[in-house]
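Chemist: What follows is the file entry16.cif, containing mmCIF, C-alpha atoms:
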data_coords
#
loop_
_atom_site.label_atom_id
_atom_site.label_comp_id
_atom_site.auth_asym_id
_atom_site.auth_seq_id
_atom_site.Cartn_x
_atom_site.Cartn_y
_atom_site.Cartn_z
CA MET I 364 127.62 34.53 103.75
CA ASN I 365 128.99 37.58 101.92
CA ILE I 366 132.34 38.72 103.27
CA GLN I 367 132.49 42.50 103.35
CA LYS I 368 135.76 44.12 102.36
CA PRO I 369 136.69 46.61 105.12
CA ASN I 370 137.18 50.15 103.89
CA ILE I 371 136.73 53.79 104.89
CA PRO I 372 135.18 56.74 103.01
CA LYS I 373 137.42 58.59 100.56
CA GLY I 374 139.05 61.65 102.05
CA THR I 375 139.35 60.10 105.53
CA ARG I 376 142.23 58.26 107.19
CA ASP I 377 143.00 55.78 109.96
CA PHE I 378 145.84 56.68 112.32
CA GLY I 379 147.87 53.95 114.02
CA ALA I 380 150.10 54.31 117.09
CA ILE I 381 152.99 56.05 115.32
CA GLU I 382 150.64 58.39 113.44
CA MET I 383 148.81 59.25 116.65
CA ALA I 384 152.07 59.99 118.45
CA ARG I 385 152.94 62.38 115.62
CA ARG I 386 149.50 64.02 115.69
CA ASN I 387 149.62 64.41 119.47
CA TYR I 388 153.03 66.05 119.09
CA ILE I 389 151.45 68.55 116.66
CA PHE I 390 148.46 69.20 118.92
CA SER I 391 150.53 69.57 122.10
CA THR I 392 153.03 71.91 120.42
CA ILE I 393 150.28 74.17 119.07
CA ARG I 394 148.30 74.01 122.32
CA SER I 395 151.33 75.03 124.40
CA VAL I 396 151.97 78.08 122.17
CA PHE I 397 148.30 79.13 122.35
CA ALA I 398 148.51 78.97 126.16
CA LEU I 399 151.57 81.27 126.16
CA TYR I 400 149.32 84.05 124.86
CA GLY I 401 146.49 83.55 127.35
CA PHE I 402 144.08 81.57 125.15
CA GLN I 403 141.85 78.96 126.81
CA GLN I 404 140.30 75.85 125.30
CA LEU I 405 136.71 75.55 124.08
CA GLU I 406 134.80 72.75 122.30
CA THR I 407 131.56 72.87 120.32
CA PRO I 408 129.41 70.01 118.89
CA SER I 409 130.43 68.27 115.67
CA MET I 410 126.99 69.03 114.25
CA GLU I 411 125.29 72.42 113.99
CA LEU I 412 121.93 73.50 112.67
CA ILE I 413 122.14 73.99 108.89
CA SER I 414 120.69 77.46 109.45
CA THR I 415 123.77 78.25 111.56
CA LEU I 416 126.17 77.14 108.81
CA MET I 417 124.50 78.20 105.55
CA GLY I 418 125.37 81.55 104.00
CA LYS I 419 128.62 82.00 105.95
CA TYR I 420 131.14 80.43 103.58
CA GLY I 421 130.21 81.84 100.18
CA GLU I 422 128.41 80.00 97.41
CA GLU I 423 131.22 77.50 96.84
CA GLY I 424 131.74 76.78 100.54
CA ASP I 425 128.03 76.21 101.18
CA LYS I 426 128.04 73.49 98.50
CA LEU I 427 130.61 71.55 100.54
CA LEU I 428 128.49 71.22 103.68
CA PHE I 429 127.77 67.65 104.83
CA ARG I 430 124.07 67.40 105.71
CA ILE I 431 122.85 64.87 108.27
CA GLN I 432 120.01 62.79 106.82
CA ASN I 433 118.83 61.04 109.98
CA SER I 434 119.22 62.72 113.34
CA GLY I 435 116.96 60.42 115.36
CA GLU I 436 113.99 62.81 115.31
CA LYS I 437 110.77 62.86 113.34
CA ALA I 438 111.66 64.42 109.99
CA ALA I 439 108.71 66.82 110.07
CA GLU I 440 109.69 68.20 113.47
CA ALA I 441 113.48 68.23 113.29
CA PRO I 442 115.46 71.25 112.09
CA GLU I 443 118.03 70.22 109.48
CA LYS I 444 121.55 69.64 110.76
CA GLY I 445 125.01 69.41 109.23
CA LEU I 446 128.58 68.65 110.18
CA ARG I 447 130.56 71.81 110.89
CA TYR I 448 132.60 73.19 107.95
CA ASP I 449 135.00 75.14 110.17
CA LEU I 450 135.37 76.18 113.82
CA THR I 451 134.89 79.95 113.40
CA VAL I 452 131.15 80.04 112.69
CA PRO I 453 130.36 77.68 115.61
CA PHE I 454 132.60 79.92 117.75
CA ALA I 455 130.58 83.01 116.76
CA ARG I 456 127.37 81.14 117.57
CA TYR I 457 128.83 80.15 120.97
CA VAL I 458 129.86 83.74 121.77
CA VAL I 459 126.35 85.06 121.12
CA GLN I 460 124.65 82.19 122.96
CA HIS I 461 126.91 82.58 126.02
CA ARG I 462 127.51 86.34 125.91
CA GLU I 463 126.48 86.82 129.57
CA GLU I 464 129.15 84.37 130.77
CA ILE I 465 132.03 85.71 128.64
CA GLN I 466 134.70 88.26 129.56
CA PHE I 467 135.57 90.40 126.52
CA PRO I 468 137.97 90.45 124.79
CA PHE I 469 137.34 86.71 124.69
CA ARG I 470 140.38 84.58 123.82
CA ARG I 471 139.79 80.96 122.96
CA TYR I 472 141.40 78.10 121.11
CA GLN I 473 139.74 75.01 119.72
CA ILE I 474 141.28 71.77 118.38
CA GLN I 475 138.60 69.62 116.73
CA PRO I 476 137.73 67.93 113.42
CA VAL I 477 135.73 69.59 110.63
CA TRP I 478 134.14 68.13 107.50
CA ARG I 479 133.93 69.28 103.89
CA ALA I 480 132.34 67.42 100.99
CA ASP I 481 135.37 68.21 98.85
CA ARG I 482 137.17 66.24 96.14
CA PRO I 483 139.98 64.38 97.96
CA GLN I 484 143.54 65.05 96.75
CA LYS I 485 147.00 65.57 98.25
CA GLY I 486 146.65 67.71 101.36
CA ARG I 487 142.85 67.96 100.95
CA TYR I 488 140.65 65.68 103.06
CA ARG I 489 136.94 65.41 103.77
CA GLU I 490 137.57 65.02 107.49
CA PHE I 491 140.44 66.95 109.02
CA TYR I 492 141.47 68.70 112.21
CA GLN I 493 141.74 72.43 112.65
CA CYS I 494 143.57 74.12 115.50
CA ASP I 495 141.89 77.53 115.81
CA VAL I 496 142.84 80.51 117.93
CA ASP I 497 140.62 83.62 118.02
CA VAL I 498 140.19 86.81 119.99
CA ILE I 499 136.80 88.51 119.78
CA GLY I 500 135.58 91.78 121.26
CA THR I 501 138.41 94.11 120.17
CA SER I 502 139.37 95.81 116.90
CA SER I 503 142.97 96.41 118.03
CA LEU I 504 145.56 95.31 115.47
CA VAL I 505 147.73 94.13 118.38
CA SER I 506 145.61 90.97 118.06
CA GLU I 507 146.85 90.51 114.49
CA LEU I 508 150.40 90.92 115.75
CA GLU I 509 149.89 88.23 118.39
CA LEU I 510 148.52 85.80 115.81
CA ILE I 511 151.59 86.43 113.64
CA GLN I 512 153.83 85.82 116.68
CA ILE I 513 151.96 82.56 117.36
CA VAL I 514 152.58 81.46 113.77
CA GLU I 515 156.27 82.34 114.13
CA GLU I 516 156.65 80.36 117.38
CA VAL I 517 154.69 77.28 116.28
CA TYR I 518 156.71 76.78 113.11
CA ARG I 519 159.97 77.60 114.90
CA ARG I 520 159.20 74.72 117.28
CA PHE I 521 158.37 72.44 114.36
CA GLY I 522 161.61 73.41 112.61
CA MET I 523 159.70 74.33 109.42
CA ARG I 524 160.57 77.20 107.09
CA VAL I 525 157.37 79.04 106.17
CA CYS I 526 156.15 82.28 104.61
CA LEU I 527 153.14 84.18 105.94
CA HIS I 528 151.17 85.87 103.14
CA ILE I 529 149.06 88.84 104.23
CA ASN I 530 146.43 91.00 102.56
CA ASN I 531 143.38 93.01 103.61
CA ARG I 532 139.77 92.60 102.45
CA LYS I 533 139.35 96.42 102.48
CA VAL I 534 142.15 96.62 99.92
CA LEU I 535 140.33 94.08 97.76
CA ALA I 536 137.09 96.07 98.12
CA GLY I 537 139.01 99.21 97.11
CA ILE I 538 140.41 97.45 94.06
CA ALA I 539 136.86 96.44 93.02
CA GLU I 540 135.83 100.10 93.41
CA VAL I 541 138.65 101.63 91.38
CA ILE I 542 138.27 99.19 88.47
CA GLY I 543 134.60 100.13 88.29
CA GLU I 544 133.11 96.87 89.64
CA PRO I 545 132.27 97.60 93.32
CA ASP I 546 129.41 95.06 93.36
CA LYS I 547 131.64 92.24 92.19
CA MET I 548 134.17 92.16 95.02
CA MET I 549 133.23 88.57 95.98
CA ASP I 550 133.46 87.41 92.35
CA ILE I 551 136.87 89.06 92.04
CA THR I 552 138.18 87.63 95.32
CA VAL I 553 136.97 84.08 94.62
CA ALA I 554 138.69 84.17 91.22
CA ILE I 555 142.02 85.74 92.20
CA ASP I 556 142.23 83.48 95.28
CA LYS I 557 142.89 80.69 92.75
CA LEU I 558 145.87 82.41 91.07
CA ASP I 559 148.43 80.00 92.56
CA LYS I 560 146.33 76.97 91.62
CA ILE I 561 145.09 77.76 88.09
CA GLY I 562 147.38 80.54 86.80
CA LEU I 563 146.76 84.05 85.49
CA ASP I 564 145.10 83.12 82.17
CA ASN I 565 142.51 80.92 83.86
CA VAL I 566 141.86 83.56 86.54
CA ASN I 567 141.20 86.14 83.81
CA LYS I 568 138.91 83.65 82.07
CA GLU I 569 136.98 83.07 85.31
CA LEU I 570 136.72 86.83 85.93
CA SER I 571 135.16 87.16 82.48
CA GLU I 572 132.76 84.29 83.21
CA ARG I 573 131.77 86.06 86.43
CA GLY I 574 130.67 89.11 84.46
CA LEU I 575 133.67 91.47 84.55
CA ASN I 576 134.20 93.41 81.33
CA GLU I 577 137.53 93.51 79.47
CA LYS I 578 138.32 97.04 80.67
CA ALA I 579 137.93 96.06 84.34
CA ILE I 580 140.03 92.89 83.87
CA ALA I 581 142.74 94.96 82.13
CA LYS I 582 142.82 97.40 85.09
CA LEU I 583 143.29 94.42 87.42
CA GLN I 584 146.44 93.07 85.69
CA PRO I 585 149.05 95.41 87.27
CA ILE I 586 147.67 94.52 90.70
CA LEU I 587 147.89 90.79 89.98
CA ALA I 588 151.49 91.24 88.79
CA LEU I 589 152.65 93.55 91.59
CA SER I 590 156.23 92.89 92.80
CA GLY I 591 158.99 94.42 94.94
CA SER I 592 159.35 94.78 98.73
CA ASN I 593 156.33 94.96 101.02
CA GLU I 594 156.92 98.71 101.35
CA ASP I 595 157.11 99.11 97.55
CA LYS I 596 153.84 97.21 97.11
CA LEU I 597 152.10 99.30 99.81
CA ASN I 598 153.27 102.55 98.23
CA THR I 599 152.09 101.47 94.78
CA ILE I 600 148.70 100.19 95.93
CA ALA I 601 148.22 103.33 98.08
CA GLN I 602 148.48 105.41 94.91
CA VAL I 603 146.13 103.11 92.99
CA LEU I 604 143.56 103.24 95.81
CA ALA I 605 143.88 106.96 96.59
CA GLY I 606 140.29 107.52 95.40
CA SER I 607 138.83 104.75 97.59
CA GLU I 608 138.18 105.47 101.27
CA THR I 609 137.77 101.76 102.06
CA GLY I 610 140.92 100.77 100.16
CA THR I 611 142.95 103.53 101.81
CA LYS I 612 141.85 102.31 105.25
CA GLY I 613 142.95 98.78 104.31
CA VAL I 614 146.41 100.06 103.31
CA ALA I 615 146.69 101.94 106.64
CA GLU I 616 145.83 98.76 108.56
CA LEU I 617 148.50 96.80 106.69
CA ARG I 618 151.08 99.53 107.39
CA GLU I 619 150.24 99.39 111.11
CA ILE I 620 150.55 95.59 111.22
CA PHE I 621 153.99 95.74 109.56
CA ASP I 622 155.00 98.50 112.01
CA LEU I 623 153.86 96.39 115.00
CA CYS I 624 155.87 93.44 113.66
CA ARG I 625 158.98 95.62 113.51
CA THR I 626 158.35 96.85 117.08
CA ALA I 627 157.97 93.26 118.31
CA GLU I 628 161.05 92.15 116.31
CA VAL I 629 159.14 89.49 114.41
CA LYS I 630 161.62 87.52 112.29
CA LEU I 631 158.98 85.53 110.38
CA ASN I 632 159.10 85.72 106.58
CA ILE I 633 156.03 87.92 105.78
CA GLU I 634 154.95 88.82 102.25
CA LEU I 635 152.25 91.27 101.22
CA ASP I 636 150.25 89.30 98.65
CA LEU I 637 147.49 91.27 96.93
CA THR I 638 146.23 88.12 95.17
CA LEU I 639 145.43 86.55 98.54
CA ALA I 640 141.66 86.65 98.94
CA ARG I 641 140.54 83.64 101.04
CA GLY I 642 137.13 82.58 99.84
CA LEU I 643 135.15 82.96 103.08
CA ASN I 644 132.47 85.64 103.10
CA TYR I 645 132.94 86.73 106.69
CA TYR I 646 136.42 88.31 106.47
CA THR I 647 136.47 92.12 106.58
CA GLY I 648 140.05 93.16 107.38
CA ALA I 649 143.49 91.53 107.45
CA ILE I 650 143.70 88.04 105.94
CA PHE I 651 146.55 85.55 106.36
CA GLU I 652 147.83 82.37 104.77
CA VAL I 653 150.95 80.41 105.69
CA LYS I 654 152.75 78.19 103.19
CA ALA I 655 155.65 75.79 103.71
CA LEU I 656 158.78 76.75 101.79
CA ASP I 657 160.25 73.24 101.45
CA VAL I 658 157.14 71.17 100.62
CA GLN I 659 154.67 71.39 97.75
CA MET I 660 151.52 71.96 99.77
CA GLY I 661 148.65 74.43 99.85
CA SER I 662 147.95 76.74 102.77
CA ILE I 663 148.85 75.14 106.12
CA THR I 664 147.53 77.99 108.28
CA GLY I 665 145.02 80.70 107.42
CA GLY I 666 142.63 83.21 108.89
CA GLY I 667 141.75 86.86 109.22
CA ARG I 668 139.70 89.66 110.75
CA TYR I 669 135.89 89.47 110.83
CA ASP I 670 133.99 92.53 112.03
CA ASN I 671 130.42 91.31 112.22
CA LEU I 672 130.22 87.52 112.20
CA THR I 673 128.28 87.56 115.48
CA GLY I 674 125.82 90.05 113.91
CA ILE I 675 124.31 87.17 111.93
CA PHE I 676 123.23 85.72 115.30
CA GLY I 677 121.86 89.01 116.68
CA MET I 678 124.96 90.52 118.30
CA PRO I 679 126.24 93.20 115.90
CA ASP I 680 129.45 95.24 115.88
CA VAL I 681 131.68 92.74 117.67
CA SER I 682 135.03 92.50 115.90
CA GLY I 683 137.17 89.38 116.01
CA VAL I 684 140.27 87.92 114.40
CA GLY I 685 141.60 84.40 114.27
CA ILE I 686 143.76 81.86 112.50
CA SER I 687 143.50 78.14 111.96
CA PHE I 688 146.38 75.66 111.79
CA GLY I 689 145.58 72.74 109.48
CA ALA I 690 146.85 69.79 111.52
CA ASP I 691 146.54 67.26 108.69
CA ARG I 692 148.57 69.33 106.23
CA ILE I 693 151.14 70.11 108.91
CA TYR I 694 151.32 66.35 109.58
CA ASP I 695 152.03 65.66 105.91
CA CYS I 696 154.70 68.41 105.80
CA LEU I 697 156.50 67.21 108.93
CA THR I 698 156.39 63.63 107.62
CA GLU I 699 157.84 64.62 104.23
CA LEU I 700 160.56 66.72 105.88
CA ASN I 701 161.27 64.06 108.56
CA LEU I 702 161.01 66.64 111.35
CA TYR I 703 159.41 64.54 114.10
CA PRO I 704 161.54 64.24 117.27
CA GLU I 705 162.41 60.71 118.39
CA SER I 706 161.26 61.55 121.92
CA MET I 707 157.62 62.03 120.91
CA MET I 708 156.73 58.32 121.20
CA ASP I 709 155.34 57.47 124.65
CA SER I 710 156.16 53.84 123.99
CA THR I 711 156.61 51.00 126.44
CA GLN I 712 159.95 51.13 128.29
CA VAL I 713 160.03 47.56 129.58
CA LEU I 714 158.20 44.31 128.81
CA PHE I 715 157.92 41.54 131.44
CA VAL I 716 158.51 38.09 129.94
CA THR I 717 157.51 35.07 132.05
CA PHE I 718 157.81 31.26 132.00
CA GLY I 719 154.70 30.23 133.98
CA GLU I 720 151.60 31.34 135.89
CA ALA I 721 153.47 31.97 139.16
CA GLU I 722 156.06 34.06 137.34
CA LEU I 723 153.26 36.00 135.60
CA ARG I 724 151.70 36.96 138.94
CA TYR I 725 155.13 37.95 140.26
CA ALA I 726 155.61 40.21 137.20
CA LEU I 727 152.21 41.85 137.72
CA SER I 728 153.18 43.05 141.21
CA TRP I 729 156.48 44.44 139.91
CA ALA I 730 154.68 46.17 137.04
CA LYS I 731 152.35 47.90 139.48
CA GLU I 732 155.29 49.27 141.45
CA LEU I 733 157.07 50.50 138.31
CA ARG I 734 153.95 52.30 137.11
CA THR I 735 153.69 54.19 140.41
CA GLN I 736 157.20 55.45 139.56
CA GLY I 737 155.97 56.75 136.17
CA ILE I 738 157.61 53.98 134.13
CA ARG I 739 155.68 52.66 131.10
CA VAL I 740 155.32 48.90 131.48
CA GLU I 741 153.75 45.96 129.68
CA VAL I 742 153.40 42.42 130.97
CA TYR I 743 153.08 39.79 128.24
CA PRO I 744 149.62 38.44 129.13
CA GLU I 745 150.46 34.70 128.99
CA PRO I 746 153.58 32.59 129.54
CA ALA I 747 154.09 31.81 125.83
CA LYS I 748 157.30 30.56 124.22
CA MET I 749 160.28 32.84 124.83
CA LYS I 750 160.78 33.42 121.09
CA LYS I 751 157.22 34.69 120.73
CA GLN I 752 157.51 37.06 123.68
CA MET I 753 160.89 38.42 122.54
CA GLY I 754 159.54 38.81 119.00
CA TYR I 755 156.72 40.93 120.40
CA ALA I 756 159.25 43.22 122.15
CA ASP I 757 161.28 43.53 118.93
CA ALA I 758 158.23 44.34 116.81
CA LYS I 759 157.16 47.11 119.19
CA LEU I 760 160.72 48.45 119.58
CA ILE I 761 160.58 48.00 123.36
CA PRO I 762 164.12 48.77 124.59
CA PHE I 763 164.18 46.51 127.69
CA VAL I 764 162.82 43.09 128.59
CA ALA I 765 162.51 41.94 132.22
CA ILE I 766 162.73 38.13 132.30
CA VAL I 767 161.12 36.29 135.23
CA GLY I 768 161.87 32.63 135.98
CA GLY I 769 162.16 30.48 139.10
CA ASN I 770 165.65 31.75 139.99
CA GLU I 771 164.53 35.37 139.77
CA MET I 772 161.53 34.71 142.01
CA GLU I 773 163.76 33.03 144.65
CA SER I 774 166.24 35.94 144.68
CA ASN I 775 163.51 38.61 144.41
CA THR I 776 165.02 40.03 141.20
CA VAL I 777 164.40 40.14 137.45
CA MET I 778 166.87 39.55 134.62
CA LEU I 779 166.89 42.78 132.64
CA LYS I 780 167.91 42.46 128.98
CA ASP I 781 168.93 45.50 126.92
CA MET I 782 167.43 44.71 123.50
CA ALA I 783 169.90 46.92 121.64
CA SER I 784 173.16 45.59 123.12
CA GLY I 785 171.95 42.13 124.17
CA THR I 786 173.51 42.51 127.66
CA GLN I 787 171.58 41.32 130.71
CA GLU I 788 171.89 41.63 134.47
CA ALA I 789 169.94 40.63 137.57
CA LEU I 790 168.35 43.64 139.30
CA THR I 791 166.28 44.32 142.41
CA ILE I 792 163.17 46.47 142.10
CA GLU I 793 165.10 49.55 143.31
CA GLN I 794 167.90 48.94 140.81
CA LEU I 795 165.38 48.35 138.00
CA VAL I 796 163.61 51.66 138.71
CA ALA I 797 166.94 53.53 138.74
CA THR I 798 168.07 51.90 135.47
CA LEU I 799 164.82 52.61 133.61
CA LYS I 800 164.64 56.20 134.86
CA LYS I 801 168.02 56.89 133.27
#
Would you mind writing the file's structure down as structure tokens?

Modeler:
Amino acid sequence: MNIQKPNIPKGTRDFGAIEMARRNYIFSTIRSVFALYGFQQLETPSMELISTLMGKYGEEGDKLLFRIQNSGEKAAEAPEKGLRYDLTVPFARYVVQHREEIQFPFRRYQIQPVWRADRPQKGRYREFYQCDVDVIGTSSLVSELELIQIVEEVYRRFGMRVCLHINNRKVLAGIAEVIGEPDKMMDITVAIDKLDKIGLDNVNKELSERGLNEKAIAKLQPILALSGSNEDKLNTIAQVLAGSETGTKGVAELREIFDLCRTAEVKLNIELDLTLARGLNYYTGAIFEVKALDVQMGSITGGGRYDNLTGIFGMPDVSGVGISFGADRIYDCLTELNLYPESMMDSTQVLFVTFGEAELRYALSWAKELRTQGIRVEVYPEPAKMKKQMGYADAKLIPFVAIVGGNEMESNTVMLKDMASGTQEALTIEQLVATLKK
């Protein structure tokens, strides 16, 4: 008999009890902030038709789609399927499919896993959770403001210092126009989106490989090296893009977003970053990325405005905007910074330890009563040696042990031991409830 070594696919992870408590803390924090702004929860299937997914993420993104080989149907009859790459395209598909049931503007959030056939590395997984929030059916930039406020509040609650980088796809299109390469906007954006990762020289090399001539690349350099305050950058780029109607509109949108942030007294660190491109084809307006200031990590939140994503599914001219919090990267950041609160663990408060079958049954009735009072209880399932039962409580960091023997049964009490101090006292059920609720 061959013994199989247990393992999991690269780029995936198991999560034990402590890890799940941390993840649930992340999800519940983000979910509660989404709810503050009137967003309601939605879920879509893990798999979508390949025709739904293909062509939405750019050439590089499409290569990372996981295709499902066997879907339980006859191959000749079955449309090809794949695991979802993100939550935005399935959301657009949902909006079109359920348009008669939806009240616009439609505000939804979604917390589910996505899959990408990527090369695993720090902060980059093949299976990971996204926490998406989107509003669709309005072009108002107040929606962008609200997403920025959500980012501010989420990371304030996490205690993380972050910077939100912002740009606009219309500005990028304007840049492509004024350097004489209007048809190469996607090539330019895909290349400059990698500036942080591969550096200026390699970006210029990639731009050349993508067909930009030396003159166009030279015109791009001042934009890639732009510095100063957000206002300084806007003023400079406004002059550069004066001859581009699209670019000028992008600058105006950025100015309005910054003005709305001032009106709403947003304190979040926001930086206009003209190298920010985000490699997804469907963005048309403002684009965002959030980076942690105290951890070496890629983008931990990102998103932007998309004006016609639903048009692909036959419902044109419906503008939307959304952002996605990367739960797995946030998890890694909070772990590295040791920012998890001690109170997040919903661990057992008291363990019943017994000496025999009669005592075990006695403990079961007490446990039932404690649970009706909202107290988290375990009963050791067999009357094993005391050392074994106490060792179990120690290993699980259970703060109290309720010991049941013959004397306790006669006096209708338990002997409660505080595992930290070692003190113990006999308590009635009412006294036990009061003690544990403290």

Chemist: Hey, what's within 12 Å of I:Gly374 if we count all atoms listed in the file and toss same-chain stuff fewer than 3 positions away? As a PyMOL selection string, please?

Modeler: chain I and resi 370-371+377+478-491+691

Chemist: Taking the file as shown, what set of residues would the PyMOL selection byres ((chain I and resi 610-623) around 9) give back, as an NGL selection string?

Modeler: :I and (504-505 or 507-508 or 529-538 or 540 or 593-594 or 597-598 or 600-601 or 604-609 or 624-629 or 633 or 635 or 648-649)

Chemist: Atoms to include: C-alpha atoms. Write the selected residues as a PDB file, keeping the file's coordinate frame.

Modeler:
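Written out: selection_18.pdb:
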ATOM      1  CA  LEU I 504     145.560  95.310 115.470  1.00  0.00           C
ATOM      2  CA  VAL I 505     147.730  94.130 118.380  1.00  0.00           C
ATOM      3  CA  GLU I 507     146.850  90.510 114.490  1.00  0.00           C
ATOM      4  CA  LEU I 508     150.400  90.920 115.750  1.00  0.00           C
ATOM      5  CA  ILE I 529     149.060  88.840 104.230  1.00  0.00           C
ATOM      6  CA  ASN I 530     146.430  91.000 102.560  1.00  0.00           C
ATOM      7  CA  ASN I 531     143.380  93.010 103.610  1.00  0.00           C
ATOM      8  CA  ARG I 532     139.770  92.600 102.450  1.00  0.00           C
ATOM      9  CA  LYS I 533     139.350  96.420 102.480  1.00  0.00           C
ATOM     10  CA  VAL I 534     142.150  96.620  99.920  1.00  0.00           C
ATOM     11  CA  LEU I 535     140.330  94.080  97.760  1.00  0.00           C
ATOM     12  CA  ALA I 536     137.090  96.070  98.120  1.00  0.00           C
ATOM     13  CA  GLY I 537     139.010  99.210  97.110  1.00  0.00           C
ATOM     14  CA  ILE I 538     140.410  97.450  94.060  1.00  0.00           C
ATOM     15  CA  GLU I 540     135.830 100.100  93.410  1.00  0.00           C
ATOM     16  CA  ASN I 593     156.330  94.960 101.020  1.00  0.00           C
ATOM     17  CA  GLU I 594     156.920  98.710 101.350  1.00  0.00           C
ATOM     18  CA  LEU I 597     152.100  99.300  99.810  1.00  0.00           C
ATOM     19  CA  ASN I 598     153.270 102.550  98.230  1.00  0.00           C
ATOM     20  CA  ILE I 600     148.700 100.190  95.930  1.00  0.00           C
ATOM     21  CA  ALA I 601     148.220 103.330  98.080  1.00  0.00           C
ATOM     22  CA  LEU I 604     143.560 103.240  95.810  1.00  0.00           C
ATOM     23  CA  ALA I 605     143.880 106.960  96.590  1.00  0.00           C
ATOM     24  CA  GLY I 606     140.290 107.520  95.400  1.00  0.00           C
ATOM     25  CA  SER I 607     138.830 104.750  97.590  1.00  0.00           C
ATOM     26  CA  GLU I 608     138.180 105.470 101.270  1.00  0.00           C
ATOM     27  CA  THR I 609     137.770 101.760 102.060  1.00  0.00           C
ATOM     28  CA  CYS I 624     155.870  93.440 113.660  1.00  0.00           C
ATOM     29  CA  ARG I 625     158.980  95.620 113.510  1.00  0.00           C
ATOM     30  CA  THR I 626     158.350  96.850 117.080  1.00  0.00           C
ATOM     31  CA  ALA I 627     157.970  93.260 118.310  1.00  0.00           C
ATOM     32  CA  GLU I 628     161.050  92.150 116.310  1.00  0.00           C
ATOM     33  CA  VAL I 629     159.140  89.490 114.410  1.00  0.00           C
ATOM     34  CA  ILE I 633     156.030  87.920 105.780  1.00  0.00           C
ATOM     35  CA  LEU I 635     152.250  91.270 101.220  1.00  0.00           C
ATOM     36  CA  GLY I 648     140.050  93.160 107.380  1.00  0.00           C
ATOM     37  CA  ALA I 649     143.490  91.530 107.450  1.00  0.00           C
TER      38      ALA I 649
END

Chemist: Return as an MDAnalysis selection string the set of residues that the PyMOL selection byres ((chain I and resi 692) around 8) yields on the displayed structure.

Modeler: chainID I and resid 486:487 660 663 689:691 693:696

Chemist: Work out how far atom CA of I:Ser391 is from atom CA of I:Ser502, in Å to one decimal.

Modeler: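 Distance between the two atoms: 29.0 Å.
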
Chemist: At most 8 Å from (137.3, 83.7, 88.2), file frame, only C-alpha atoms: which residues, as a PyMOL selection string?

Modeler: chain I and resi 550-551+553-555+557+565-573

Chemist: Go ahead and compute the interatomic distance for atom CA of I:Pro762 and atom CA of I:Asp781, in Å to one decimal.

Modeler: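 Between these atoms lies a distance of 6.3 Å.
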
Chemist: If you apply the PyMOL selection byres ((chain I and resi 676-687) around 8) to this file, what residues do you get, as a PDB file with C-alpha atoms, in the frame of the given file?

Modeler:
ATOM      1  CA  ALA I 455     130.580  83.010 116.760  1.00  0.00           C
ATOM      2  CA  ARG I 456     127.370  81.140 117.570  1.00  0.00           C
ATOM      3  CA  VAL I 459     126.350  85.060 121.120  1.00  0.00           C
ATOM      4  CA  GLN I 493     141.740  72.430 112.650  1.00  0.00           C
ATOM      5  CA  CYS I 494     143.570  74.120 115.500  1.00  0.00           C
ATOM      6  CA  ASP I 495     141.890  77.530 115.810  1.00  0.00           C
ATOM      7  CA  VAL I 496     142.840  80.510 117.930  1.00  0.00           C
ATOM      8  CA  ASP I 497     140.620  83.620 118.020  1.00  0.00           C
ATOM      9  CA  VAL I 498     140.190  86.810 119.990  1.00  0.00           C
ATOM     10  CA  ILE I 499     136.800  88.510 119.780  1.00  0.00           C
ATOM     11  CA  GLY I 500     135.580  91.780 121.260  1.00  0.00           C
ATOM     12  CA  THR I 501     138.410  94.110 120.170  1.00  0.00           C
ATOM     13  CA  SER I 502     139.370  95.810 116.900  1.00  0.00           C
ATOM     14  CA  SER I 506     145.610  90.970 118.060  1.00  0.00           C
ATOM     15  CA  GLU I 507     146.850  90.510 114.490  1.00  0.00           C
ATOM     16  CA  LEU I 510     148.520  85.800 115.810  1.00  0.00           C
ATOM     17  CA  PHE I 651     146.550  85.550 106.360  1.00  0.00           C
ATOM     18  CA  THR I 664     147.530  77.990 108.280  1.00  0.00           C
ATOM     19  CA  GLY I 665     145.020  80.700 107.420  1.00  0.00           C
ATOM     20  CA  GLY I 666     142.630  83.210 108.890  1.00  0.00           C
ATOM     21  CA  GLY I 667     141.750  86.860 109.220  1.00  0.00           C
ATOM     22  CA  ARG I 668     139.700  89.660 110.750  1.00  0.00           C
ATOM     23  CA  TYR I 669     135.890  89.470 110.830  1.00  0.00           C
ATOM     24  CA  ASP I 670     133.990  92.530 112.030  1.00  0.00           C
ATOM     25  CA  ASN I 671     130.420  91.310 112.220  1.00  0.00           C
ATOM     26  CA  LEU I 672     130.220  87.520 112.200  1.00  0.00           C
ATOM     27  CA  THR I 673     128.280  87.560 115.480  1.00  0.00           C
ATOM     28  CA  GLY I 674     125.820  90.050 113.910  1.00  0.00           C
ATOM     29  CA  ILE I 675     124.310  87.170 111.930  1.00  0.00           C
ATOM     30  CA  PHE I 688     146.380  75.660 111.790  1.00  0.00           C
ATOM     31  CA  GLY I 689     145.580  72.740 109.480  1.00  0.00           C
TER      32      GLY I 689
END

Chemist: Could you tell me which of I:Ser395, I:Asn644, I:Gln475, I:Gln466 comes closest to I:Tyr420 if we count all atoms listed in the file?

Modeler: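 Distance minimum relative to I:Tyr420 lands on I:Asn644.
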
Chemist: One number please: atom CA of I:Tyr703 to atom CA of I:Gly522, in Å, one decimal.

Modeler: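 So the two atoms, atom CA of I:Tyr703 and atom CA of I:Gly522, lie 9.3 Å apart.
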
Chemist: Draw an axis-aligned box tight on the listed atoms of stretch 474-489 of chain I, then pad every side by 6 Å and write out centre and edge lengths in Å to one decimal as lines of an AutoDock Vina configuration file.

Modeler:
center_x = 139.7
center_y = 68.1
center_z = 107.3
size_x = 26.7
size_y = 19.4
size_z = 34.2
